[in-house]
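Novice: So that we are looking at the same thing, I have put the structure below in structure tokens.
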Amino acid sequence: GEDVEQSLFLSVREGDSSVINCTYTDSSSTYLYWYKQEPGAGLQLLTYIFSNMDMKQDQRLTVLLNKKDKHLSLRIADTQTGDSAIYFCAESNTDKLIFGTGTRLQVFP
Amino acid sequence: NAGVTQTPKFQVLKTGQSMTLQCAQDMNHNSMYWYRQDPGMGLRLIYYSASEGTTDKGEVPNGYNVSRLNKREFSLRLESAAPSQTSVYFCASSEMGKLSGNTIYFGEGSWLTVV
């Protein structure tokens, strides 16, 4: 079945870049997503990429997709303390999303 | 701009009690979903409804039932709560029964504790 994997923790210094990685198994995935969850809140869609693209940039966010290796990454430039949250990778190919375990990003001064 | 509304936000149940989580969306979406979130396990799909009148099992349906009352509402019922169902539950909705890049919306979550 489908599976999406992420590392659980990432710690970076304020002002540095953060790179959160994700691997998935479903080669027929149509869209891949990054969601952000702040403490006590729901999930907020950050960005997404269609499977026929290999890169998408949106302000401080850069998504890279290596479809051959089924690897997705999210780069956050100039990471701020407000970026501290859990980041979820997700994939879909029909009408439901499969989520990864989430990566907790901690930003320290 | 209500979006997806879930109730209750917090609930404590005793083992064996029943309860229903309510979810409503005001975006005229066809598809609705119930996920549970547990530490270190991400979000797991419990049930989903691709359109009014249909429901399908997700990854972890055991111990739950759902009802798609109408296009707006999708409820999740625990008939006999167990401590293993202590979790945060998220309802979500999406457009047209097929996800595109920016049309899935989540509620704010319901924190359920079973003692």
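Quick note on naming: the chains in the structure tokens go A, B, ... in the order shown, residues restart at 1 in each chain, and ligands are numbered from 1 in order of appearance.
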If we count only C-alpha atoms, what is near Gln37 in chain A at a cut-off of 6 Å, once residues fewer than 6 positions away on the same chain are taken out, given as a PyMOL selection string?

Specialist: chain A and resi 43+85-86

Novice: At a cut-off of 12 Å, which residues of chain B touch chain A? Count only C-alpha atoms and give the answer as a PDB file with N, CA, C and O atoms, in the first residue's frame.

Specialist:
ATOM      1  N   VAL B   4     -14.368  24.460   7.616  1.00  0.00           N
ATOM      2  CA  VAL B   4     -14.703  23.174   8.208  1.00  0.00           C
ATOM      3  C   VAL B   4     -14.808  23.363   9.712  1.00  0.00           C
ATOM      4  O   VAL B   4     -13.856  23.832  10.343  1.00  0.00           O
ATOM      5  N   THR B   5     -15.958  23.016  10.254  1.00  0.00           N
ATOM      6  CA  THR B   5     -16.215  23.203  11.683  1.00  0.00           C
ATOM      7  C   THR B   5     -16.433  21.855  12.342  1.00  0.00           C
ATOM      8  O   THR B   5     -17.263  21.059  11.883  1.00  0.00           O
ATOM      9  N   GLN B   6     -15.692  21.607  13.414  1.00  0.00           N
ATOM     10  CA  GLN B   6     -15.820  20.355  14.158  1.00  0.00           C
ATOM     11  C   GLN B   6     -16.261  20.644  15.579  1.00  0.00           C
ATOM     12  O   GLN B   6     -15.815  21.616  16.181  1.00  0.00           O
ATOM     13  N   LYS B   9     -14.587  20.388  20.669  1.00  0.00           N
ATOM     14  CA  LYS B   9     -13.144  20.571  20.565  1.00  0.00           C
ATOM     15  C   LYS B   9     -12.409  19.681  21.570  1.00  0.00           C
ATOM     16  O   LYS B   9     -11.313  19.199  21.302  1.00  0.00           O
ATOM     17  N   PHE B  10     -12.997  19.478  22.715  1.00  0.00           N
ATOM     18  CA  PHE B  10     -12.404  18.614  23.740  1.00  0.00           C
ATOM     19  C   PHE B  10     -13.494  17.714  24.320  1.00  0.00           C
ATOM     20  O   PHE B  10     -14.630  18.154  24.507  1.00  0.00           O
ATOM     21  N   ASN B  30     -17.611  18.038  -2.312  1.00  0.00           N
ATOM     22  CA  ASN B  30     -18.170  16.691  -2.428  1.00  0.00           C
ATOM     23  C   ASN B  30     -17.579  15.729  -1.408  1.00  0.00           C
ATOM     24  O   ASN B  30     -18.257  14.899  -0.839  1.00  0.00           O
ATOM     25  N   SER B  31     -16.264  15.803  -1.209  1.00  0.00           N
ATOM     26  CA  SER B  31     -15.578  14.798  -0.386  1.00  0.00           C
ATOM     27  C   SER B  31     -15.323  15.294   1.026  1.00  0.00           C
ATOM     28  O   SER B  31     -14.955  16.445   1.234  1.00  0.00           O
ATOM     29  N   MET B  32     -15.487  14.375   1.959  1.00  0.00           N
ATOM     30  CA  MET B  32     -15.186  14.681   3.360  1.00  0.00           C
ATOM     31  C   MET B  32     -14.448  13.504   3.988  1.00  0.00           C
ATOM     32  O   MET B  32     -14.583  12.362   3.524  1.00  0.00           O
ATOM     33  N   TYR B  33     -13.656  13.799   5.016  1.00  0.00           N
ATOM     34  CA  TYR B  33     -12.723  12.819   5.568  1.00  0.00           C
ATOM     35  C   TYR B  33     -12.665  12.937   7.083  1.00  0.00           C
ATOM     36  O   TYR B  33     -12.824  14.027   7.628  1.00  0.00           O
ATOM     37  N   TRP B  34     -12.359  11.828   7.719  1.00  0.00           N
ATOM     38  CA  TRP B  34     -11.997  11.830   9.129  1.00  0.00           C
ATOM     39  C   TRP B  34     -10.622  11.185   9.287  1.00  0.00           C
ATOM     40  O   TRP B  34     -10.393  10.053   8.835  1.00  0.00           O
ATOM     41  N   TYR B  35      -9.717  11.927   9.930  1.00  0.00           N
ATOM     42  CA  TYR B  35      -8.376  11.442  10.251  1.00  0.00           C
ATOM     43  C   TYR B  35      -8.197  11.432  11.760  1.00  0.00           C
ATOM     44  O   TYR B  35      -8.821  12.209  12.473  1.00  0.00           O
ATOM     45  N   ARG B  36      -7.293  10.593  12.223  1.00  0.00           N
ATOM     46  CA  ARG B  36      -6.834  10.685  13.599  1.00  0.00           C
ATOM     47  C   ARG B  36      -5.334  10.929  13.586  1.00  0.00           C
ATOM     48  O   ARG B  36      -4.616  10.455  12.692  1.00  0.00           O
ATOM     49  N   GLN B  37      -4.879  11.690  14.580  1.00  0.00           N
ATOM     50  CA  GLN B  37      -3.464  12.041  14.669  1.00  0.00           C
ATOM     51  C   GLN B  37      -2.924  11.559  16.000  1.00  0.00           C
ATOM     52  O   GLN B  37      -3.434  11.940  17.061  1.00  0.00           O
ATOM     53  N   ASP B  38      -1.893  10.738  15.933  1.00  0.00           N
ATOM     54  CA  ASP B  38      -1.243  10.206  17.122  1.00  0.00           C
ATOM     55  C   ASP B  38       0.245  10.513  17.051  1.00  0.00           C
ATOM     56  O   ASP B  38       0.818  10.547  15.960  1.00  0.00           O
ATOM     57  N   PRO B  39       0.878  10.733  18.195  1.00  0.00           N
ATOM     58  CA  PRO B  39       2.305  11.101  18.198  1.00  0.00           C
ATOM     59  C   PRO B  39       3.147  10.084  17.434  1.00  0.00           C
ATOM     60  O   PRO B  39       3.038   8.886  17.646  1.00  0.00           O
ATOM     61  N   GLY B  40       4.011  10.610  16.560  1.00  0.00           N
ATOM     62  CA  GLY B  40       4.926   9.747  15.811  1.00  0.00           C
ATOM     63  C   GLY B  40       4.279   8.945  14.699  1.00  0.00           C
ATOM     64  O   GLY B  40       4.957   8.170  14.033  1.00  0.00           O
ATOM     65  N   MET B  41       2.962   9.136  14.482  1.00  0.00           N
ATOM     66  CA  MET B  41       2.284   8.331  13.454  1.00  0.00           C
ATOM     67  C   MET B  41       1.601   9.190  12.406  1.00  0.00           C
ATOM     68  O   MET B  41       0.934   8.682  11.525  1.00  0.00           O
ATOM     69  N   GLY B  42       1.738  10.481  12.497  1.00  0.00           N
ATOM     70  CA  GLY B  42       1.129  11.329  11.495  1.00  0.00           C
ATOM     71  C   GLY B  42      -0.383  11.255  11.525  1.00  0.00           C
ATOM     72  O   GLY B  42      -0.985  10.959  12.552  1.00  0.00           O
ATOM     73  N   LEU B  43      -0.991  11.512  10.398  1.00  0.00           N
ATOM     74  CA  LEU B  43      -2.442  11.437  10.271  1.00  0.00           C
ATOM     75  C   LEU B  43      -2.817  10.147   9.563  1.00  0.00           C
ATOM     76  O   LEU B  43      -2.273   9.828   8.510  1.00  0.00           O
ATOM     77  N   ARG B  44      -3.766   9.440  10.120  1.00  0.00           N
ATOM     78  CA  ARG B  44      -4.225   8.205   9.498  1.00  0.00           C
ATOM     79  C   ARG B  44      -5.708   8.351   9.168  1.00  0.00           C
ATOM     80  O   ARG B  44      -6.493   8.791   9.998  1.00  0.00           O
ATOM     81  N   LEU B  45      -6.064   7.914   7.975  1.00  0.00           N
ATOM     82  CA  LEU B  45      -7.435   8.065   7.495  1.00  0.00           C
ATOM     83  C   LEU B  45      -8.327   7.009   8.131  1.00  0.00           C
ATOM     84  O   LEU B  45      -8.034   5.807   8.055  1.00  0.00           O
ATOM     85  N   ILE B  46      -9.420   7.446   8.730  1.00  0.00           N
ATOM     86  CA  ILE B  46     -10.357   6.519   9.374  1.00  0.00           C
ATOM     87  C   ILE B  46     -11.441   6.108   8.360  1.00  0.00           C
ATOM     88  O   ILE B  46     -11.611   4.936   8.060  1.00  0.00           O
ATOM     89  N   TYR B  47     -12.152   7.091   7.867  1.00  0.00           N
ATOM     90  CA  TYR B  47     -13.190   6.906   6.862  1.00  0.00           C
ATOM     91  C   TYR B  47     -13.206   8.136   5.961  1.00  0.00           C
ATOM     92  O   TYR B  47     -12.780   9.211   6.364  1.00  0.00           O
ATOM     93  N   TYR B  48     -13.726   7.951   4.778  1.00  0.00           N
ATOM     94  CA  TYR B  48     -13.965   9.100   3.929  1.00  0.00           C
ATOM     95  C   TYR B  48     -15.256   8.912   3.152  1.00  0.00           C
ATOM     96  O   TYR B  48     -15.796   7.795   3.050  1.00  0.00           O
ATOM     97  N   SER B  49     -15.725  10.020   2.617  1.00  0.00           N
ATOM     98  CA  SER B  49     -16.954  10.017   1.845  1.00  0.00           C
ATOM     99  C   SER B  49     -16.685  10.812   0.577  1.00  0.00           C
ATOM    100  O   SER B  49     -16.474  12.022   0.629  1.00  0.00           O
ATOM    101  N   ALA B  50     -16.641  10.130  -0.544  1.00  0.00           N
ATOM    102  CA  ALA B  50     -16.312  10.800  -1.814  1.00  0.00           C
ATOM    103  C   ALA B  50     -17.457  11.671  -2.304  1.00  0.00           C
ATOM    104  O   ALA B  50     -17.240  12.620  -3.071  1.00  0.00           O
ATOM    105  N   SER B  51     -18.659  11.339  -1.895  1.00  0.00           N
ATOM    106  CA  SER B  51     -19.812  12.152  -2.289  1.00  0.00           C
ATOM    107  C   SER B  51     -20.955  11.840  -1.332  1.00  0.00           C
ATOM    108  O   SER B  51     -20.917  10.853  -0.582  1.00  0.00           O
ATOM    109  N   ASP B  56     -16.507   5.195   2.673  1.00  0.00           N
ATOM    110  CA  ASP B  56     -15.537   4.125   2.462  1.00  0.00           C
ATOM    111  C   ASP B  56     -14.563   4.076   3.622  1.00  0.00           C
ATOM    112  O   ASP B  56     -14.239   5.113   4.212  1.00  0.00           O
ATOM    113  N   LYS B  57     -14.073   2.878   3.894  1.00  0.00           N
ATOM    114  CA  LYS B  57     -13.097   2.718   4.964  1.00  0.00           C
ATOM    115  C   LYS B  57     -11.745   3.252   4.525  1.00  0.00           C
ATOM    116  O   LYS B  57     -11.353   3.110   3.374  1.00  0.00           O
ATOM    117  N   GLY B  58     -11.062   3.804   5.502  1.00  0.00           N
ATOM    118  CA  GLY B  58      -9.692   4.229   5.285  1.00  0.00           C
ATOM    119  C   GLY B  58      -8.726   3.225   5.868  1.00  0.00           C
ATOM    120  O   GLY B  58      -8.977   2.016   5.842  1.00  0.00           O
ATOM    121  N   GLU B  59      -7.666   3.733   6.444  1.00  0.00           N
ATOM    122  CA  GLU B  59      -6.595   2.870   6.955  1.00  0.00           C
ATOM    123  C   GLU B  59      -6.933   2.246   8.301  1.00  0.00           C
ATOM    124  O   GLU B  59      -6.550   1.104   8.575  1.00  0.00           O
ATOM    125  N   VAL B  88      -6.272  12.864  18.587  1.00  0.00           N
ATOM    126  CA  VAL B  88      -6.817  14.103  18.048  1.00  0.00           C
ATOM    127  C   VAL B  88      -7.451  13.762  16.705  1.00  0.00           C
ATOM    128  O   VAL B  88      -6.808  13.138  15.849  1.00  0.00           O
ATOM    129  N   TYR B  89      -8.682  14.155  16.533  1.00  0.00           N
ATOM    130  CA  TYR B  89      -9.431  13.811  15.328  1.00  0.00           C
ATOM    131  C   TYR B  89      -9.604  15.058  14.460  1.00  0.00           C
ATOM    132  O   TYR B  89      -9.989  16.119  14.944  1.00  0.00           O
ATOM    133  N   PHE B  90      -9.325  14.883  13.174  1.00  0.00           N
ATOM    134  CA  PHE B  90      -9.476  15.978  12.227  1.00  0.00           C
ATOM    135  C   PHE B  90     -10.460  15.593  11.140  1.00  0.00           C
ATOM    136  O   PHE B  90     -10.352  14.531  10.529  1.00  0.00           O
ATOM    137  N   CYS B  91     -11.375  16.496  10.899  1.00  0.00           N
ATOM    138  CA  CYS B  91     -12.260  16.388   9.756  1.00  0.00           C
ATOM    139  C   CYS B  91     -11.690  17.257   8.634  1.00  0.00           C
ATOM    140  O   CYS B  91     -11.041  18.278   8.902  1.00  0.00           O
ATOM    141  N   ALA B  92     -11.904  16.854   7.398  1.00  0.00           N
ATOM    142  CA  ALA B  92     -11.422  17.630   6.259  1.00  0.00           C
ATOM    143  C   ALA B  92     -12.418  17.510   5.115  1.00  0.00           C
ATOM    144  O   ALA B  92     -13.234  16.572   5.077  1.00  0.00           O
ATOM    145  N   SER B  93     -12.335  18.438   4.188  1.00  0.00           N
ATOM    146  CA  SER B  93     -13.185  18.350   3.011  1.00  0.00           C
ATOM    147  C   SER B  93     -12.398  18.784   1.786  1.00  0.00           C
ATOM    148  O   SER B  93     -11.412  19.523   1.892  1.00  0.00           O
ATOM    149  N   SER B  94     -12.825  18.294   0.635  1.00  0.00           N
ATOM    150  CA  SER B  94     -12.157  18.690  -0.606  1.00  0.00           C
ATOM    151  C   SER B  94     -13.176  18.766  -1.732  1.00  0.00           C
ATOM    152  O   SER B  94     -14.292  18.261  -1.639  1.00  0.00           O
ATOM    153  N   GLU B  95     -12.730  19.345  -2.817  1.00  0.00           N
ATOM    154  CA  GLU B  95     -13.633  19.675  -3.916  1.00  0.00           C
ATOM    155  C   GLU B  95     -13.751  18.533  -4.907  1.00  0.00           C
ATOM    156  O   GLU B  95     -12.755  17.871  -5.190  1.00  0.00           O
ATOM    157  N   MET B  96     -14.907  18.306  -5.437  1.00  0.00           N
ATOM    158  CA  MET B  96     -15.124  17.488  -6.630  1.00  0.00           C
ATOM    159  C   MET B  96     -14.789  16.022  -6.476  1.00  0.00           C
ATOM    160  O   MET B  96     -14.744  15.312  -7.457  1.00  0.00           O
ATOM    161  N   GLY B  97     -14.507  15.525  -5.298  1.00  0.00           N
ATOM    162  CA  GLY B  97     -14.203  14.116  -5.119  1.00  0.00           C
ATOM    163  C   GLY B  97     -12.829  13.723  -5.614  1.00  0.00           C
ATOM    164  O   GLY B  97     -12.459  12.581  -5.601  1.00  0.00           O
ATOM    165  N   LYS B  98     -12.074  14.675  -6.040  1.00  0.00           N
ATOM    166  CA  LYS B  98     -10.723  14.351  -6.515  1.00  0.00           C
ATOM    167  C   LYS B  98      -9.831  15.511  -6.105  1.00  0.00           C
ATOM    168  O   LYS B  98     -10.088  16.644  -6.461  1.00  0.00           O
ATOM    169  N   LEU B  99      -8.807  15.188  -5.363  1.00  0.00           N
ATOM    170  CA  LEU B  99      -7.995  16.248  -4.780  1.00  0.00           C
ATOM    171  C   LEU B  99      -7.183  16.947  -5.846  1.00  0.00           C
ATOM    172  O   LEU B  99      -6.560  16.321  -6.679  1.00  0.00           O
ATOM    173  N   SER B 100      -7.214  18.232  -5.813  1.00  0.00           N
ATOM    174  CA  SER B 100      -6.255  18.989  -6.592  1.00  0.00           C
ATOM    175  C   SER B 100      -5.363  19.727  -5.622  1.00  0.00           C
ATOM    176  O   SER B 100      -5.452  19.559  -4.422  1.00  0.00           O
ATOM    177  N   GLY B 101      -4.530  20.556  -6.112  1.00  0.00           N
ATOM    178  CA  GLY B 101      -3.447  21.035  -5.272  1.00  0.00           C
ATOM    179  C   GLY B 101      -3.858  21.920  -4.131  1.00  0.00           C
ATOM    180  O   GLY B 101      -3.139  22.036  -3.166  1.00  0.00           O
ATOM    181  N   ASN B 102      -4.983  22.571  -4.198  1.00  0.00           N
ATOM    182  CA  ASN B 102      -5.244  23.559  -3.158  1.00  0.00           C
ATOM    183  C   ASN B 102      -6.667  23.511  -2.656  1.00  0.00           C
ATOM    184  O   ASN B 102      -7.223  24.504  -2.264  1.00  0.00           O
ATOM    185  N   THR B 103      -7.280  22.366  -2.661  1.00  0.00           N
ATOM    186  CA  THR B 103      -8.687  22.335  -2.304  1.00  0.00           C
ATOM    187  C   THR B 103      -9.016  21.382  -1.180  1.00  0.00           C
ATOM    188  O   THR B 103     -10.134  20.949  -1.054  1.00  0.00           O
ATOM    189  N   ILE B 104      -8.086  21.035  -0.322  1.00  0.00           N
ATOM    190  CA  ILE B 104      -8.440  20.287   0.879  1.00  0.00           C
ATOM    191  C   ILE B 104      -8.297  21.204   2.071  1.00  0.00           C
ATOM    192  O   ILE B 104      -7.324  21.920   2.205  1.00  0.00           O
ATOM    193  N   TYR B 105      -9.303  21.189   2.907  1.00  0.00           N
ATOM    194  CA  TYR B 105      -9.353  22.064   4.063  1.00  0.00           C
ATOM    195  C   TYR B 105      -9.612  21.229   5.312  1.00  0.00           C
ATOM    196  O   TYR B 105     -10.431  20.330   5.304  1.00  0.00           O
ATOM    197  N   PHE B 106      -8.921  21.595   6.392  1.00  0.00           N
ATOM    198  CA  PHE B 106      -9.037  20.859   7.644  1.00  0.00           C
ATOM    199  C   PHE B 106      -9.781  21.675   8.689  1.00  0.00           C
ATOM    200  O   PHE B 106      -9.687  22.901   8.734  1.00  0.00           O
ATOM    201  N   GLY B 107     -10.507  20.972   9.554  1.00  0.00           N
ATOM    202  CA  GLY B 107     -11.024  21.583  10.759  1.00  0.00           C
ATOM    203  C   GLY B 107      -9.912  21.761  11.771  1.00  0.00           C
ATOM    204  O   GLY B 107      -8.765  21.376  11.536  1.00  0.00           O
ATOM    205  N   GLU B 108     -10.250  22.326  12.901  1.00  0.00           N
ATOM    206  CA  GLU B 108      -9.229  22.648  13.902  1.00  0.00           C
ATOM    207  C   GLU B 108      -8.934  21.505  14.851  1.00  0.00           C
ATOM    208  O   GLU B 108      -8.056  21.631  15.701  1.00  0.00           O
ATOM    209  N   GLY B 109      -9.644  20.416  14.743  1.00  0.00           N
ATOM    210  CA  GLY B 109      -9.323  19.238  15.541  1.00  0.00           C
ATOM    211  C   GLY B 109     -10.229  19.075  16.748  1.00  0.00           C
ATOM    212  O   GLY B 109     -10.748  20.047  17.304  1.00  0.00           O
ATOM    213  N   SER B 110     -10.396  17.812  17.133  1.00  0.00           N
ATOM    214  CA  SER B 110     -11.147  17.462  18.352  1.00  0.00           C
ATOM    215  C   SER B 110     -10.259  16.566  19.203  1.00  0.00           C
ATOM    216  O   SER B 110      -9.832  15.507  18.738  1.00  0.00           O
ATOM    217  N   TRP B 111      -9.977  17.037  20.436  1.00  0.00           N
ATOM    218  CA  TRP B 111      -9.091  16.279  21.338  1.00  0.00           C
ATOM    219  C   TRP B 111      -9.964  15.341  22.175  1.00  0.00           C
ATOM    220  O   TRP B 111     -10.754  15.799  22.992  1.00  0.00           O
TER     221      TRP B 111
END

Novice: Record the distance separating CA of Leu76 in chain B and CA of Trp34 in chain A, expressed in Å with one decimal.

Specialist: 25.9 Å

Novice: Which value, in Å to one decimal, gives the distance between CA of Arg77 in chain B and CA of Asn62 in chain B?

Specialist: 11.2 Å

Novice: Among chain A, which residues carry a DSSP assignment of strand (DSSP E or B), reported as a ChimeraX atom specification?

Specialist: /A:4-6,9-13,18-24,31-37,43-50,55-58,61-66,71-76,85-92,97-99,103-108
